[in-house]
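Structure file work33.tsv with TSV, C-alpha atoms and all ligand atoms:
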chain	number	residue	atom	x	y	z
A	340	MET	CA	88.98	133.86	31.12
A	341	VAL	CA	88.38	133.90	34.89
A	342	THR	CA	84.76	134.48	35.88
A	343	SER	CA	84.42	137.54	38.08
A	344	SER	CA	82.00	137.81	40.99
A	345	LEU	CA	81.19	141.29	39.65
A	346	LEU	CA	79.27	139.50	36.92
A	347	LEU	CA	76.84	137.72	39.23
A	348	PRO	CA	74.02	140.33	39.24
A	349	LEU	CA	74.04	140.47	35.45
A	350	GLU	CA	73.98	136.67	35.22
A	351	GLN	CA	71.02	136.63	37.54
A	352	HIS	CA	68.95	139.56	36.28
A	353	LYS	CA	69.88	139.58	32.56
A	354	VAL	CA	68.22	142.94	31.81
A	355	VAL	CA	69.85	146.35	32.17
A	356	VAL	CA	67.48	149.25	31.58
A	357	ILE	CA	69.01	152.35	29.99
A	358	ILE	CA	67.55	155.64	31.18
A	359	ARG	CA	68.64	158.43	28.87
A	360	GLY	CA	67.36	162.00	28.82
A	361	ILE	CA	64.82	161.63	31.61
A	362	ALA	CA	64.54	164.51	34.08
A	363	PRO	CA	65.01	163.85	37.82
A	364	ALA	CA	61.35	164.71	38.48
A	365	TYR	CA	60.27	161.48	36.76
A	366	MET	CA	62.85	159.18	38.35
A	367	SER	CA	60.90	158.01	41.39
A	368	ASP	CA	57.84	156.93	39.40
A	369	LEU	CA	60.02	155.40	36.71
A	370	PHE	CA	62.09	153.35	39.16
A	371	GLN	CA	58.96	152.20	40.96
A	372	ALA	CA	57.50	150.98	37.65
A	373	LEU	CA	60.72	149.21	36.70
A	374	TYR	CA	60.98	147.63	40.13
A	375	ASP	CA	57.37	146.45	40.00
A	376	GLY	CA	58.07	144.99	36.55
A	377	GLY	CA	60.92	142.92	38.01
A	378	ILE	CA	63.84	145.03	36.79
A	379	ARG	CA	66.80	145.00	39.16
A	380	MET	CA	69.50	146.86	37.16
A	381	ALA	CA	69.03	150.33	35.66
A	382	GLU	CA	71.59	152.83	34.39
A	383	ILE	CA	71.13	156.56	34.18
A	384	THR	CA	73.27	157.96	31.36
A	385	LEU	CA	75.64	160.77	32.27
A	386	ASN	CA	74.48	162.89	29.34
A	387	SER	CA	71.06	163.19	30.99
A	388	GLU	CA	70.06	166.34	32.81
A	389	HIS	CA	71.34	166.23	36.44
A	390	ALA	CA	72.44	162.62	35.97
A	391	LEU	CA	74.70	162.42	39.03
A	392	GLU	CA	71.95	163.78	41.27
A	393	SER	CA	69.50	161.22	39.87
A	394	ILE	CA	72.00	158.39	40.42
A	395	SER	CA	72.60	159.48	43.98
A	396	MET	CA	68.88	159.88	44.71
A	397	MET	CA	67.91	156.49	43.24
A	398	ARG	CA	70.85	154.70	44.87
A	399	LYS	CA	69.63	155.90	48.27
A	400	ALA	CA	66.01	155.02	47.52
A	401	TYR	CA	66.72	151.51	46.15
A	402	ASP	CA	69.81	150.46	48.11
A	403	GLY	CA	69.75	146.68	48.50
A	404	ARG	CA	66.72	146.29	46.23
A	405	MET	CA	67.93	147.38	42.83
A	406	MET	CA	71.35	148.19	41.29
A	407	VAL	CA	71.72	151.74	40.03
A	408	GLY	CA	74.38	152.27	37.39
A	409	ALA	CA	75.76	155.06	35.26
A	410	GLY	CA	75.74	155.00	31.47
A	411	THR	CA	77.75	156.83	28.82
A	412	VAL	CA	80.78	156.76	31.13
A	413	LEU	CA	83.37	157.64	28.52
A	414	ASN	CA	86.54	157.93	30.61
A	415	GLU	CA	88.15	157.55	34.02
A	416	ALA	CA	87.18	161.02	35.25
A	417	SER	CA	83.50	160.27	34.60
A	418	ALA	CA	83.90	156.85	36.22
A	419	LYS	CA	85.17	158.56	39.39
A	420	ASP	CA	82.25	161.00	39.44
A	421	ALA	CA	79.71	158.23	38.83
A	422	ILE	CA	81.05	155.94	41.55
A	423	ALA	CA	81.27	158.87	43.97
A	424	ALA	CA	77.58	159.53	43.26
A	425	GLY	CA	76.77	155.91	44.12
A	426	ALA	CA	76.82	154.09	40.77
A	427	GLN	CA	77.09	150.32	41.22
A	428	PHE	CA	77.99	149.52	37.62
A	429	LEU	CA	79.33	151.58	34.72
A	430	VAL	CA	78.33	151.33	31.07
A	431	SER	CA	79.95	152.97	28.06
A	432	PRO	CA	79.63	152.89	24.28
A	433	ASN	CA	83.43	152.63	23.96
A	434	VAL	CA	86.43	150.77	25.37
A	435	ASP	CA	88.33	153.09	27.71
A	436	GLU	CA	91.15	151.52	29.69
A	437	GLY	CA	90.97	154.06	32.51
A	438	MET	CA	87.23	153.59	32.97
A	439	ILE	CA	87.52	149.80	33.05
A	440	ARG	CA	90.47	149.66	35.43
A	441	TYR	CA	89.01	152.27	37.79
A	442	ALA	CA	85.69	150.42	37.96
A	443	VAL	CA	87.24	147.01	38.66
A	444	ALA	CA	89.65	148.48	41.24
A	445	ASN	CA	86.63	149.87	43.07
A	446	GLY	CA	84.61	146.66	42.93
A	447	VAL	CA	82.21	148.05	40.35
A	448	LEU	CA	81.18	146.14	37.21
A	449	PRO	CA	82.29	147.83	33.96
A	450	LEU	CA	80.27	147.26	30.79
A	451	PRO	CA	82.43	148.74	28.02
A	452	GLY	CA	80.90	148.92	24.56
A	453	ALA	CA	82.63	147.26	21.62
A	454	MET	CA	81.81	146.13	18.13
A	455	THR	CA	84.74	144.30	16.58
A	456	ALA	CA	86.51	141.19	17.86
A	457	THR	CA	89.64	143.29	18.41
A	458	GLU	CA	87.76	145.77	20.62
A	459	VAL	CA	86.07	142.96	22.55
A	460	VAL	CA	89.40	141.27	23.31
A	461	GLN	CA	90.97	144.62	24.22
A	462	ALA	CA	88.19	145.32	26.75
A	463	VAL	CA	88.83	141.95	28.38
A	464	ARG	CA	92.57	142.59	28.40
A	465	PHE	CA	91.92	145.83	30.31
A	466	GLY	CA	90.12	143.76	32.95
A	467	SER	CA	86.46	143.79	31.97
A	468	PRO	CA	84.61	140.54	32.81
A	469	VAL	CA	81.93	141.29	30.20
A	470	VAL	CA	81.61	143.33	27.02
A	471	LYS	CA	78.61	145.24	25.74
A	472	ILE	CA	78.13	144.64	22.02
A	473	PHE	CA	76.97	147.94	20.56
A	474	PRO	CA	75.16	149.06	18.45
A	475	CYS	CA	73.21	145.81	18.04
A	476	SER	CA	70.48	147.66	16.15
A	477	SER	CA	72.92	147.71	13.24
A	478	LEU	CA	74.43	144.27	13.87
A	479	GLY	CA	71.65	141.82	14.74
A	480	PRO	CA	71.60	138.61	16.81
A	481	ASN	CA	73.66	136.66	14.30
A	482	TYR	CA	76.59	139.02	14.84
A	483	ILE	CA	76.78	137.93	18.48
A	484	LYS	CA	76.50	134.28	17.50
A	485	GLU	CA	79.40	134.69	15.08
A	486	LEU	CA	81.57	136.60	17.56
A	487	LYS	CA	80.87	133.87	20.12
A	488	GLY	CA	82.46	131.34	17.73
A	489	PRO	CA	86.06	132.29	18.50
A	490	LEU	CA	85.27	134.35	21.62
A	491	ASN	CA	82.97	131.77	23.27
A	492	ASP	CA	84.22	132.38	26.81
A	493	ILE	CA	83.66	136.16	26.79
A	494	PRO	CA	80.26	137.17	28.23
A	495	MET	CA	78.49	139.62	25.89
A	496	LEU	CA	75.61	141.98	26.60
A	497	ALA	CA	73.50	142.96	23.58
A	498	VAL	CA	72.60	146.67	23.49
A	499	GLY	CA	70.89	148.89	20.93
A	500	GLY	CA	67.47	148.36	19.37
A	501	ILE	CA	66.40	145.63	21.81
A	502	ASN	CA	62.65	145.06	22.05
A	503	GLU	CA	60.09	142.35	22.79
A	504	ASP	CA	60.32	141.00	19.25
A	505	ASN	CA	64.07	140.40	19.10
A	506	VAL	CA	65.15	139.83	22.72
A	507	ALA	CA	64.73	136.05	22.59
A	508	ALA	CA	66.87	135.88	19.43
A	509	TYR	CA	69.72	137.75	21.16
A	510	MET	CA	69.58	135.40	24.14
A	511	LYS	CA	69.52	132.38	21.82
A	512	ALA	CA	72.54	133.83	19.99
A	513	GLY	CA	74.49	133.55	23.25
A	514	ALA	CA	74.15	136.95	24.94
A	515	ILE	CA	74.41	136.92	28.73
A	516	GLY	CA	71.66	139.54	28.77
A	517	VAL	CA	70.45	142.71	27.12
A	518	GLY	CA	70.46	146.45	27.66
A	519	ILE	CA	67.20	148.06	26.69
A	520	GLY	CA	66.39	151.75	26.40
A	521	GLY	CA	63.71	153.43	24.32
A	522	SER	CA	61.36	150.45	23.91
A	523	MET	CA	60.84	150.24	27.66
A	524	VAL	CA	61.65	153.75	28.85
A	525	ASN	CA	59.15	155.19	26.41
A	526	LYS	CA	59.15	158.99	26.74
A	527	GLU	CA	55.51	159.35	25.66
A	528	TRP	CA	54.43	156.96	28.40
A	529	ILE	CA	56.52	158.86	30.93
A	530	HIS	CA	55.31	162.30	29.96
A	531	SER	CA	51.69	161.15	30.01
A	532	GLY	CA	52.10	159.48	33.40
A	533	ARG	CA	51.55	155.94	32.05
A	534	PHE	CA	54.11	154.27	34.29
A	535	ASP	CA	51.83	151.23	34.37
A	536	LEU	CA	52.75	150.62	30.71
A	537	ILE	CA	56.44	150.61	31.62
A	538	ARG	CA	55.81	148.12	34.43
A	539	ASP	CA	53.82	145.88	32.09
A	540	TYR	CA	56.41	146.12	29.33
A	541	ALA	CA	59.15	145.08	31.77
A	542	THR	CA	57.09	142.14	32.98
A	543	MET	CA	56.32	141.05	29.42
A	544	LEU	CA	59.92	141.41	28.24
A	545	ARG	CA	61.22	139.32	31.11
A	546	ALA	CA	58.58	136.67	30.48
A	547	SER	CA	59.58	136.52	26.82
A	548	MET	CA	63.14	135.82	28.01
A	549	GLY	CA	61.89	133.04	30.24
A	550	ILE	CA	62.52	135.00	33.46
A	551	MET	CA	59.48	134.39	35.59
A	552	GLU	CA	60.77	135.22	39.04
A	553	THR	CA	63.09	137.81	40.44
A	554	ILE	CA	65.07	137.16	43.56
A	555	ILE	CA	67.15	139.85	45.19
A	601	LIG	C1	71.48	153.95	24.27
A	601	LIG	O1	72.61	154.26	24.03
A	601	LIG	O2	70.62	154.75	24.68
A	601	LIG	C2	71.18	152.52	24.11
A	601	LIG	O3	71.84	152.00	23.03
A	601	LIG	C3	69.71	152.25	24.10
A	601	LIG	O4	69.33	151.90	22.90
A	601	LIG	P1	67.82	151.60	22.60
A	601	LIG	O5	67.03	152.81	22.96
A	601	LIG	O6	67.88	151.31	21.13
A	601	LIG	O7	67.44	150.37	23.41
What do you get writing this file as structure tokens?
Amino acid sequence: MVTSSLLLPLEQHKVVVIIRGIAPAYMSDLFQALYDGGIRMAEITLNSEHALESISMMRKAYDGRMMVGAGTVLNEASAKDAIAAGAQFLVSPNVDEGMIRYAVANGVLPLPGAMTATEVVQAVRFGSPVVKIFPCSSLGPNYIKELKGPLNDIPMLAVGGINEDNVAAYMKAGAIGVGIGGSMVNKEWIHSGRFDLIRDYATMLRASMGIMETII
């Protein structure tokens, strides 16, 4: 498998934060907290309220400082909308050929979601330089280790149920990085204005992965 330059930010930053179901009004504070906690890649899922507006707004605010992606990009039409709004990477729970090919053709990293070896290989055949293994909450770190036996040269991102207690195990199992949602983007913290807890969680998670410094 040829290594793609599209993969470089993921290799460097290792953590993709998944923002699902958060209203645009909270985005600025949330992104500031993530940025202060050292996060440099965050996706806003397209099934969130006014997702494209949030993507566009955060892309403008963090251009050159943080990568803003779109999540739950299920097909090519959504990929087009997301990239037009400014998304710099696209994540999905499924393997959709149109989404993958459109992203790569536009110089945008696709992160298609797959579970079985067949799906993982199919995603790579469609041109993806990396595959999101999902839902890891039901699979566990050992699943990645076992997939990496035959598929050792395919970079895999672990997503689903990631938290401070299991992140190191996923990295040790061979994941290139992790996607993390609810443990970090905690809705109670957001709705009570405790963005400091999100910043601290991000800092702590990165430290537990051995990432002490962030360069961008
Ligand atoms: C999602 O689809 O929202 C992701 O899988 C996030 O999962 P998490 O909240 O379990 O990290």
Interatomic distance (Å, one decimal) between CA of Gly500 in chain A and CA of Glu485 in chain A: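 Rounded to one decimal, the two atoms are 18.6 Å apart.
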Residue among A:Leu373, A:Ala423, A:Val430, A:Leu349 lying closest to ligand LIG 601 (chain A), counting all atoms listed in the file: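 Smallest separation from ligand LIG 601 (chain A) among the options: A:Val430.
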Test item: which residues lie within 12 Å of (81.7, 149.3, 30.3) counting all atoms listed in the file, as a VMD selection string: chain A and resid 382 408 to 415 417 to 418 427 to 443 447 to 453 458 to 459 462 to 463 465 to 473 495 to 496 498 518
Give me, as CSV, the closest atom pair and its distance (Å, one decimal) for every residue of chain A within a cut-off of 8 Å of ligand LIG 601 (chain A), counting all atoms listed in the file, rows sorted by chain and rising number.
residue,atom,partner,partner_atom,distance
A:Ile357,CA,A:LIG601,C3,5.9
A:Ile358,CA,A:LIG601,O2,7.2
A:Arg359,CA,A:LIG601,O2,5.9
A:Thr384,CA,A:LIG601,O2,7.9
A:Thr411,CA,A:LIG601,O1,7.5
A:Pro432,CA,A:LIG601,O1,7.2
A:Phe473,CA,A:LIG601,O3,7.0
A:Pro474,CA,A:LIG601,O3,6.4
A:Ser476,CA,A:LIG601,O6,6.7
A:Val498,CA,A:LIG601,O3,5.4
A:Gly499,CA,A:LIG601,O6,3.9
A:Gly500,CA,A:LIG601,O6,3.5
A:Ile501,CA,A:LIG601,O7,5.1
A:Asn502,CA,A:LIG601,O7,7.3
A:Gly518,CA,A:LIG601,O7,6.5
A:Ile519,CA,A:LIG601,O7,4.0
A:Gly520,CA,A:LIG601,O7,3.5
A:Gly521,CA,A:LIG601,O5,3.6
A:Ser522,CA,A:LIG601,O7,6.1
A:Met523,CA,A:LIG601,O7,7.9
Gap from CA of Gly516 in chain A to CA of Ser344 in chain A - Å, one decimal: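 A separation of 16.1 Å between them.
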For CA of Asp368 in chain A and CA of Leu345 in chain A, the interatomic separation in Å (one decimal):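 Separation of CA of Asp368 in chain A and CA of Leu345 in chain A: 28.1 Å.
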Using all atoms listed in the file: which of A:Arg464, A:Arg379, A:Lys487, A:Lys511 has the shortest distance to Gly549 in chain A: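 With all atoms listed in the file as the atom set, the closest residue is A:Lys511.
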Residue nearest Ala362 in chain A among A:Thr542, A:Met380, A:Pro494, A:His530 (counting all atoms listed in the file): A:His530
Residue nearest Ala426 in chain A - candidates A:Met548, A:Ile529, A:Ile383, A:Ala508, atoms counted: only C-alpha atoms: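 The closest residue to Ala426 in chain A is A:Ile383.
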Residue with smallest distance to Val524 in chain A - pool A:Leu490, A:Ile394, A:Ala456, A:Ala541, counting only C-alpha atoms: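 Nearest to Val524 in chain A: A:Ala541.
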Residues near Arg404 in chain A, cut-off 12 Å, all atoms listed in the file, skip fewer than 5 positions along chain, as a list in words: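 So the residues in contact are Pro348, Phe370, Gln371, Leu373, Tyr374, Asp375, Gly377, Ile378, Arg379, Met380, Ala381, Met397, Arg398, Lys399, Thr553, Ile554 and Ile555 of chain A.
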Within 8 Å of Glu503 in chain A, counting all atoms listed in the file, which residues show up once you throw out same-chain ones fewer than 6 positions away? Write them as a CSV table (one decimal) with C-alpha atoms, keeping the file's coordinate frame, please.
chain,number,residue,atom,x,y,z
A,543,MET,CA,56.3,141.0,29.4
A,544,LEU,CA,59.9,141.4,28.2
A,547,SER,CA,59.6,136.5,26.8
Counting all atoms listed in the file, the option among A:Asn491, A:Asn525, A:Asn505, A:Gln461 closest to Ile361 in chain A: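 Under the stated criterion, the closest residue is A:Asn525.
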Reconstruct N, CA and C atoms of range 378-389 of chain A from the incomplete input and present them as an mmCIF file, keeping the file's coordinate frame.
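The new file selection-v9.cif reads:
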data_model
loop_
_atom_site.group_PDB
_atom_site.id
_atom_site.type_symbol
_atom_site.label_atom_id
_atom_site.label_comp_id
_atom_site.auth_asym_id
_atom_site.auth_seq_id
_atom_site.Cartn_x
_atom_site.Cartn_y
_atom_site.Cartn_z
ATOM 1 N N ILE A 378 62.507 144.564 37.187
ATOM 2 C CA ILE A 378 63.840 145.030 36.790
ATOM 3 C C ILE A 378 64.676 145.275 38.046
ATOM 4 N N ARG A 379 65.929 144.825 37.999
ATOM 5 C CA ARG A 379 66.800 145.000 39.160
ATOM 6 C C ARG A 379 68.115 145.702 38.825
ATOM 7 N N MET A 380 68.310 146.094 37.546
ATOM 8 C CA MET A 380 69.500 146.860 37.160
ATOM 9 C C MET A 380 69.070 147.959 36.199
ATOM 10 N N ALA A 381 69.374 149.212 36.552
ATOM 11 C CA ALA A 381 69.030 150.330 35.660
ATOM 12 C C ALA A 381 70.173 151.333 35.673
ATOM 13 N N GLU A 382 70.524 151.817 34.499
ATOM 14 C CA GLU A 382 71.590 152.830 34.390
ATOM 15 C C GLU A 382 70.977 154.156 33.988
ATOM 16 N N ILE A 383 71.510 155.205 34.574
ATOM 17 C CA ILE A 383 71.130 156.560 34.180
ATOM 18 C C ILE A 383 72.333 157.118 33.409
ATOM 19 N N THR A 384 72.120 157.536 32.164
ATOM 20 C CA THR A 384 73.270 157.960 31.360
ATOM 21 C C THR A 384 73.740 159.350 31.785
ATOM 22 N N LEU A 385 75.061 159.519 31.759
ATOM 23 C CA LEU A 385 75.640 160.770 32.270
ATOM 24 C C LEU A 385 75.340 161.972 31.382
ATOM 25 N N ASN A 386 74.864 161.737 30.165
ATOM 26 C CA ASN A 386 74.480 162.890 29.340
ATOM 27 C C ASN A 386 73.023 163.288 29.549
ATOM 28 N N SER A 387 72.405 162.759 30.607
ATOM 29 C CA SER A 387 71.060 163.190 30.990
ATOM 30 C C SER A 387 71.165 164.387 31.924
ATOM 31 N N GLU A 388 70.125 165.171 31.931
ATOM 32 C CA GLU A 388 70.060 166.340 32.810
ATOM 33 C C GLU A 388 70.208 165.905 34.283
ATOM 34 N N HIS A 389 71.121 166.519 35.017
ATOM 35 C CA HIS A 389 71.340 166.230 36.440
ATOM 36 C C HIS A 389 71.514 164.739 36.726
#
